[in-house]
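Structure file input_11.txt (compact mmCIF, C-alpha atoms) is printed below.
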```
# COMPACT_ATOMS: atom_id res chain seq x y z
CA MET G 1 26.48 -14.41 1.99
CA GLY G 2 26.09 -13.86 -1.72
CA ASN G 3 27.64 -11.36 -4.00
CA GLU G 4 25.64 -8.09 -3.99
CA ASP G 5 25.70 -8.11 -7.80
CA GLU G 6 24.30 -11.64 -7.94
CA VAL G 7 20.70 -11.90 -9.19
CA ASN G 8 18.74 -14.36 -7.04
CA CYS G 9 15.42 -14.02 -8.80
CA GLU G 10 14.13 -11.92 -11.67
CA LEU G 11 10.40 -11.22 -11.87
CA THR G 12 9.37 -10.36 -15.42
CA ASP G 13 5.56 -10.51 -15.33
CA ALA G 14 4.94 -6.76 -14.94
CA LYS G 15 4.89 -4.85 -18.21
CA GLU G 16 5.87 -1.53 -16.60
CA TRP G 17 7.85 -0.45 -13.57
CA ILE G 18 7.10 -1.42 -9.99
CA GLU G 19 5.69 1.18 -7.58
CA CYS G 20 5.20 -0.90 -4.44
CA MET G 21 5.84 -4.34 -2.97
CA ALA G 22 4.87 -6.06 0.27
CA PHE G 23 5.32 -9.49 1.81
CA ASP G 24 2.28 -11.08 3.40
CA PRO G 25 2.41 -11.26 7.23
CA LYS G 26 3.27 -14.97 7.20
CA GLY G 27 6.16 -14.52 4.76
CA LYS G 28 4.69 -16.93 2.20
CA MET G 29 3.75 -14.49 -0.58
CA LEU G 30 4.94 -11.28 -2.17
CA ALA G 31 2.58 -8.72 -3.74
CA VAL G 32 4.05 -6.46 -6.43
CA GLY G 33 2.13 -3.37 -7.61
CA SER G 34 2.99 -2.17 -11.10
CA HIS G 35 2.40 0.81 -13.36
CA ASP G 36 0.65 -1.62 -15.74
CA ASN G 37 -2.36 -1.39 -13.34
CA ASN G 38 -1.91 -4.92 -11.95
CA ILE G 39 -0.79 -6.53 -8.71
CA TYR G 40 1.22 -9.73 -9.06
CA ILE G 41 1.11 -12.30 -6.26
CA TYR G 42 4.11 -14.60 -5.95
CA ASP G 43 4.42 -17.75 -3.88
CA ILE G 44 7.80 -17.48 -2.17
CA LEU G 45 7.55 -20.44 0.19
CA ARG G 46 10.15 -22.52 -1.65
CA ASN G 47 12.10 -19.42 -2.68
CA ASP G 48 11.09 -19.96 -6.31
CA PHE G 49 8.83 -16.88 -6.61
CA LYS G 50 6.20 -18.70 -8.67
CA LEU G 51 3.37 -16.48 -9.93
CA LYS G 52 0.23 -17.41 -7.96
CA GLY G 53 -2.04 -14.92 -9.72
CA THR G 54 -2.60 -11.42 -11.04
CA LEU G 55 -5.02 -8.99 -9.42
CA LYS G 56 -6.68 -7.06 -12.25
CA ALA G 57 -9.33 -4.36 -11.82
CA HIS G 58 -7.60 -1.00 -11.33
CA ASN G 59 -7.91 1.73 -13.94
CA SER G 60 -4.50 3.27 -13.23
CA TYR G 61 -1.08 2.42 -11.79
CA ILE G 62 -0.89 0.79 -8.36
CA MET G 63 0.40 3.27 -5.77
CA ALA G 64 -0.10 1.37 -2.49
CA LEU G 65 -1.24 -1.99 -1.19
CA ASP G 66 -1.89 -3.52 2.21
CA TRP G 67 -2.20 -7.16 3.29
CA SER G 68 -4.75 -8.26 5.86
CA LYS G 69 -3.12 -9.72 8.98
CA ASP G 70 -4.37 -13.19 8.08
CA GLY G 71 -3.12 -12.91 4.48
CA THR G 72 -6.55 -13.47 2.90
CA TYR G 73 -7.14 -9.96 1.51
CA ILE G 74 -5.29 -7.12 -0.19
CA ARG G 75 -6.61 -3.60 -0.37
CA SER G 76 -5.00 -1.25 -2.86
CA ASN G 77 -5.03 2.30 -4.23
CA CYS G 78 -4.27 3.39 -7.75
CA GLY G 79 -3.60 6.65 -9.58
CA ALA G 80 -7.34 6.92 -10.36
CA TYR G 81 -8.02 7.19 -6.58
CA GLU G 82 -9.69 3.78 -6.43
CA LEU G 83 -9.74 1.70 -3.25
CA LEU G 84 -10.21 -1.93 -4.29
CA PHE G 85 -10.22 -5.20 -2.36
CA PHE G 86 -9.01 -8.59 -3.58
CA THR G 87 -9.29 -12.11 -2.15
CA ILE G 88 -5.99 -13.94 -2.31
CA ASP G 89 -7.32 -17.51 -2.56
CA ASP G 90 -8.76 -16.90 -6.03
CA CYS G 91 -6.91 -13.64 -6.91
CA LYS G 92 -10.21 -11.90 -7.72
CA GLN G 93 -11.60 -8.49 -6.89
CA ASP G 94 -14.19 -8.49 -4.13
CA PRO G 95 -16.72 -5.85 -5.27
CA SER G 96 -18.19 -5.89 -1.74
CA GLY G 97 -14.76 -5.63 -0.16
CA ARG G 98 -15.52 -2.44 1.76
CA SER G 99 -18.36 -4.21 3.55
CA ASN G 100 -16.73 -7.64 3.75
CA THR G 101 -13.56 -6.28 5.39
CA VAL G 102 -15.14 -4.03 8.04
CA ASP G 103 -13.83 -6.27 10.84
CA THR G 104 -10.55 -7.11 9.10
CA SER G 105 -7.27 -6.26 10.78
CA TRP G 106 -4.66 -4.95 8.37
CA ALA G 107 -0.96 -5.77 8.68
CA THR G 108 -0.02 -2.39 7.20
CA SER G 109 -1.73 0.90 6.45
CA THR G 110 -0.16 2.49 3.37
CA CYS G 111 -3.27 3.15 1.26
CA LYS G 112 -3.98 6.87 1.32
CA PHE G 113 -7.59 6.56 0.15
CA GLN G 114 -9.46 4.63 2.82
CA TRP G 115 -11.93 5.24 5.62
CA ASN G 116 -9.41 5.94 8.38
CA THR G 117 -7.37 8.45 6.32
CA GLN G 118 -10.15 10.79 5.20
CA GLY G 119 -9.03 13.51 7.63
CA ILE G 120 -5.41 13.72 6.40
CA TYR G 121 -6.33 16.08 3.55
CA PRO G 122 -6.56 19.81 4.21
CA SER G 123 -9.81 21.35 2.96
CA GLY G 124 -9.69 22.53 -0.62
CA THR G 125 -7.08 20.00 -1.73
CA ASP G 126 -7.58 17.06 -4.09
CA GLY G 127 -5.25 14.60 -2.40
CA THR G 128 -2.39 14.73 -4.88
CA HIS G 129 -0.10 16.60 -2.50
CA ILE G 130 -0.09 13.67 -0.03
CA ASN G 131 2.60 11.37 -1.43
CA SER G 132 2.75 8.62 1.14
CA VAL G 133 0.91 7.25 4.17
CA SER G 134 2.09 4.85 6.83
CA GLY G 135 0.29 3.53 9.88
CA ASP G 136 2.28 2.52 12.92
CA TYR G 137 2.16 -1.05 14.17
CA THR G 138 -0.04 -0.21 17.16
CA GLY G 139 -2.80 1.18 14.92
CA ARG G 140 -2.80 4.50 16.78
CA LEU G 141 -0.80 6.77 14.46
CA LEU G 142 -0.69 7.73 10.79
CA ALA G 143 2.24 9.54 9.18
CA THR G 144 2.11 11.31 5.82
CA GLY G 145 4.74 12.79 3.55
CA ASP G 146 3.62 15.71 1.39
CA ASP G 147 4.63 18.10 -1.40
CA TYR G 148 5.38 20.87 1.11
CA GLY G 149 8.39 19.09 2.61
CA LEU G 150 6.48 18.03 5.72
CA VAL G 151 6.11 14.79 7.62
CA ASN G 152 2.74 14.94 9.36
CA LEU G 153 1.59 12.82 12.28
CA PHE G 154 -2.12 12.10 12.87
CA ASN G 155 -4.17 9.94 15.19
CA ASP G 156 -5.46 6.77 13.52
CA PRO G 157 -8.22 6.81 12.49
CA CYS G 158 -8.13 10.37 11.24
CA ILE G 159 -11.63 11.41 10.30
CA LYS G 160 -10.98 15.06 11.14
CA GLY G 161 -7.87 16.32 12.74
CA LYS G 162 -4.93 18.60 12.88
CA PRO G 163 -1.54 17.01 12.44
CA ARG G 164 1.70 17.55 14.19
CA SER G 165 3.88 18.66 11.29
CA TYR G 166 7.62 18.30 11.12
CA ARG G 167 9.76 20.23 8.65
CA GLY G 168 13.19 19.05 7.63
CA HIS G 169 12.94 18.53 3.91
CA SER G 170 13.29 21.31 1.37
CA GLU G 171 11.19 19.50 -1.23
CA HIS G 172 8.57 16.76 -1.54
CA VAL G 173 8.58 13.96 1.00
CA THR G 174 7.99 11.00 -1.29
CA LYS G 175 7.86 8.17 1.26
CA VAL G 176 7.21 7.72 4.96
CA LEU G 177 7.35 4.46 6.86
CA PHE G 178 7.34 3.49 10.53
CA ALA G 179 10.28 1.36 11.61
```

Here is the file; what I need is its structure written in the form of structure tokens.
Amino acid sequence: MGNEDEVNCELTDAKEWIECMAFDPKGKMLAVGSHDNNIYIYDILRNDFKLKGTLKAHNSYIMALDWSKDGTYIRSNCGAYELLFFTIDDCKQDPSGRSNTVDTSWATSTCKFQWNTQGIYPSGTDGTHINSVSGDYTGRLLATGDDYGLVNLFNDPCIKGKPRSYRGHSEHVTKVLFA
């Protein structure tokens, strides 16, 4: 057990603050999404956190990212409402990622702009009031946190649907996550 004040590793590649991070399903890599519009991929196998590559293509800050179950793809959302796909082997954007990943199984579901989340937005809204999305590990449920203090539960996929809404917060729900 180390000292809680002890720094084990300091990652200094991002030029702005970090919005999201996720380990790949095999525990070999870490993806770090930054407000500098990039995703940094680190090799953590030997615990040295060596930079494997930088995923560059977004026009705004990275707000969410998901690994494919096999660790070969990342899909990500940014503040410009883009949904982009990247191949991890070469750390490049796959411009045909929407088509190439149709049969891909995703380890997580945190991107709020994707095919299976299109029904989470009430009509007449622009999507900014949904702060966070999380899919459960069975692939049957989606939870959202919103600006109205609600945690909403939807079927996954949610093309059209009414949520079960749970109130308990007096302000914005900034993050939801299934345990």

Distance table requested - range 71-164 of chain G against range 30-35 of chain G, cut-off 10 Å, all atoms listed in the file: one row per qualifying residue with the closest atom pair and its distance in Å to one decimal, ordered by chain and rising residue number, as a Markdown table.
```
| residue | atom | partner | partner_atom | distance |
| --- | --- | --- | --- | --- |
| G:Ile74 | CA | G:Ala31 | CA | 8.8 |
| G:Ser76 | CA | G:Gly33 | CA | 8.8 |
| G:Asn77 | CA | G:Gly33 | CA | 9.7 |
| G:Cys78 | CA | G:His35 | CA | 9.1 |
| G:Gly79 | CA | G:His35 | CA | 9.2 |
```

Practice task
Work out how far apart CA of Ile159 in chain G and CA of Gln118 in chain G are and give it in Å to one decimal.
Solution key: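 Result for CA of Ile159 in chain G versus CA of Gln118 in chain G: 5.3 Å, one decimal.
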
Practice task
Do a neighbour search on Cys158 in chain G at 6 Å with all atoms listed in the file, toss out local chain neighbours closer than 2 positions, and write the hits as a list of chain:residue names.
Solution key: G:Asn116, G:Thr117, G:Gly119, G:Asn155, G:Asp156, G:Lys160

How close does each residue of range 96-129 of chain G get to range 141-153 of chain G, giving the shortest atom pair and distance in Å to one decimal for every residue with an atom at most 10 Å away, counting only C-alpha atoms, sorted by chain and residue number, as CSV?
```
residue,atom,partner,partner_atom,distance
G:Ser109,CA,G:Leu142,CA,8.2
G:Thr110,CA,G:Leu142,CA,9.1
G:Lys112,CA,G:Thr144,CA,8.8
G:Asn116,CA,G:Leu142,CA,9.2
G:Thr117,CA,G:Leu142,CA,8.1
G:Ile120,CA,G:Thr144,CA,7.9
G:Tyr121,CA,G:Thr144,CA,10.0
G:Gly127,CA,G:Asp146,CA,9.7
G:Thr128,CA,G:Asp147,CA,8.5
G:His129,CA,G:Asp147,CA,5.1
```

Practice task
Up to 9 Å from (5.2, -10.5, -8.2) in the file's coordinates: name the residues, counting all atoms listed in the file, as a list in words.
Solution key: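 Answer for this query, in the requested form: Leu11, Thr12, Asp13, Ala14, Met21, Met29, Leu30, Ala31, Val32, Gly33, Ile39, Tyr40, Ile41, Tyr42, Asp43, Phe49, Lys50, Leu51, Lys52, Gly53 and Thr54 of chain G.
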
Handout entry: Residue with smallest distance to Lys26 in chain G - pool G:Phe178, G:Glu6, G:Asp70, G:Ala64, counting only C-alpha atoms
Key =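 Nearest candidate to Lys26 in chain G out of G:Phe178, G:Glu6, G:Asp70, G:Ala64: G:Asp70.
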
Exercise for the section: Determine, counting all atoms listed in the file, which protein, DNA and RNA residues have an atom within 7 Å of an atom of Thr87 in chain G; residues of the same chain fewer than 4 positions away are not included. Present the result as JSON, numbers by chain. Expected result: {"G": [72, 73, 74, 91, 92, 93, 94]}

As a CSV table (one decimal) with C-alpha atoms, in the frame of the given file, please: the residues near Lys69 in chain G (cut-off 9 Å, only C-alpha atoms, same-chain neighbours under 5 positions excluded).
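The resulting file, part_16.csv, is reproduced below:
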```
chain,number,residue,atom,x,y,z
G,24,ASP,CA,2.3,-11.1,3.4
G,25,PRO,CA,2.4,-11.3,7.2
G,26,LYS,CA,3.3,-15.0,7.2
G,104,THR,CA,-10.6,-7.1,9.1
G,105,SER,CA,-7.3,-6.3,10.8
G,106,TRP,CA,-4.7,-5.0,8.4
G,107,ALA,CA,-1.0,-5.8,8.7
G,108,THR,CA,0.0,-2.4,7.2
```

Exercise for the section: In Å, rounded to a single decimal, give me how far CA of Asn131 in chain G is from CA of Ser68 in chain G. Expected result: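 CA of Asn131 in chain G lies 22.2 Å from CA of Ser68 in chain G.
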
Fill in the blank from the handout: Correct to one decimal, the distance CA of Asn47 in chain G-CA of Asp136 in chain G is 28.7 Å

Exercise for the section: May I ask which of the residues G:Asp126, G:Asp48, G:Asp103, G:Asp5 is the closest one to Tyr81 in chain G, counting all atoms listed in the file? Expected result: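 Closest to Tyr81 in chain G of all the choices is G:Asp126.
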
Problem - Within 9 Å of Asn37 in chain G using all atoms listed in the file, minus same-chain residues under 5 positions, as a PyMOL selection string - result: chain G and resi 16+55-62+78-79

Handout entry: Shortest interatomic distance to Asp66 in chain G - which of G:Pro157, G:Arg164, G:Arg46, G:Phe23, counting all atoms listed in the file
Key =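 Looking only at the distances to Asp66 in chain G, the closest residue turns out to be G:Phe23.
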
Edge lengths and centre in Å to one decimal, as JSON, is what I'm after for the box along x, y and z that holds all listed atoms of range 140-153 of chain G once 3 Å is added on each side.
```
{"center_x": 2.8, "center_y": 12.7, "center_z": 7.7, "size_x": 17.2, "size_y": 22.4, "size_z": 24.2}
```

Using N, CA and C atoms, give me range 26-43 of chain G from the structure I just pasted, as a short mmCIF file (atom, residue, chain, number, x, y, z; two decimals), in the first residue's frame.
```
data_model
loop_
_atom_site.label_atom_id
_atom_site.label_comp_id
_atom_site.auth_asym_id
_atom_site.auth_seq_id
_atom_site.Cartn_x
_atom_site.Cartn_y
_atom_site.Cartn_z
N LYS G 26 -9.14 -5.24 -21.89
CA LYS G 26 -8.10 -6.19 -21.51
C LYS G 26 -7.14 -5.61 -20.46
N GLY G 27 -7.30 -4.34 -20.11
CA GLY G 27 -6.45 -3.71 -19.10
C GLY G 27 -5.04 -3.43 -19.57
N LYS G 28 -4.85 -3.28 -20.89
CA LYS G 28 -3.51 -3.04 -21.43
C LYS G 28 -3.28 -1.58 -21.82
N MET G 29 -4.38 -0.83 -22.02
CA MET G 29 -4.26 0.56 -22.47
C MET G 29 -5.23 1.45 -21.71
N LEU G 30 -4.89 2.72 -21.67
CA LEU G 30 -5.73 3.74 -21.07
C LEU G 30 -5.96 4.83 -22.11
N ALA G 31 -7.23 5.20 -22.33
CA ALA G 31 -7.58 6.31 -23.22
C ALA G 31 -7.96 7.50 -22.36
N VAL G 32 -7.41 8.66 -22.70
CA VAL G 32 -7.63 9.89 -21.93
C VAL G 32 -8.15 10.96 -22.88
N GLY G 33 -9.38 11.43 -22.65
CA GLY G 33 -10.00 12.46 -23.49
C GLY G 33 -9.82 13.83 -22.87
N SER G 34 -9.30 14.77 -23.65
CA SER G 34 -8.92 16.08 -23.14
C SER G 34 -9.73 17.21 -23.76
N HIS G 35 -9.68 18.35 -23.09
CA HIS G 35 -10.29 19.57 -23.62
C HIS G 35 -9.42 20.21 -24.70
N ASP G 36 -8.29 19.58 -25.06
CA ASP G 36 -7.50 20.07 -26.19
C ASP G 36 -7.93 19.37 -27.49
N ASN G 37 -9.08 18.66 -27.45
CA ASN G 37 -9.71 18.00 -28.60
C ASN G 37 -9.07 16.68 -28.99
N ASN G 38 -8.17 16.15 -28.18
CA ASN G 38 -7.46 14.92 -28.50
C ASN G 38 -7.75 13.82 -27.48
N ILE G 39 -7.54 12.59 -27.94
CA ILE G 39 -7.58 11.41 -27.07
C ILE G 39 -6.19 10.81 -27.07
N TYR G 40 -5.63 10.60 -25.89
CA TYR G 40 -4.29 10.05 -25.74
C TYR G 40 -4.40 8.59 -25.33
N ILE G 41 -3.69 7.73 -26.03
CA ILE G 41 -3.71 6.30 -25.75
C ILE G 41 -2.37 5.93 -25.11
N TYR G 42 -2.45 5.36 -23.92
CA TYR G 42 -1.25 4.96 -23.17
C TYR G 42 -1.19 3.45 -23.04
N ASP G 43 0.00 2.91 -23.26
CA ASP G 43 0.29 1.51 -23.02
C ASP G 43 0.61 1.37 -21.54
#
```
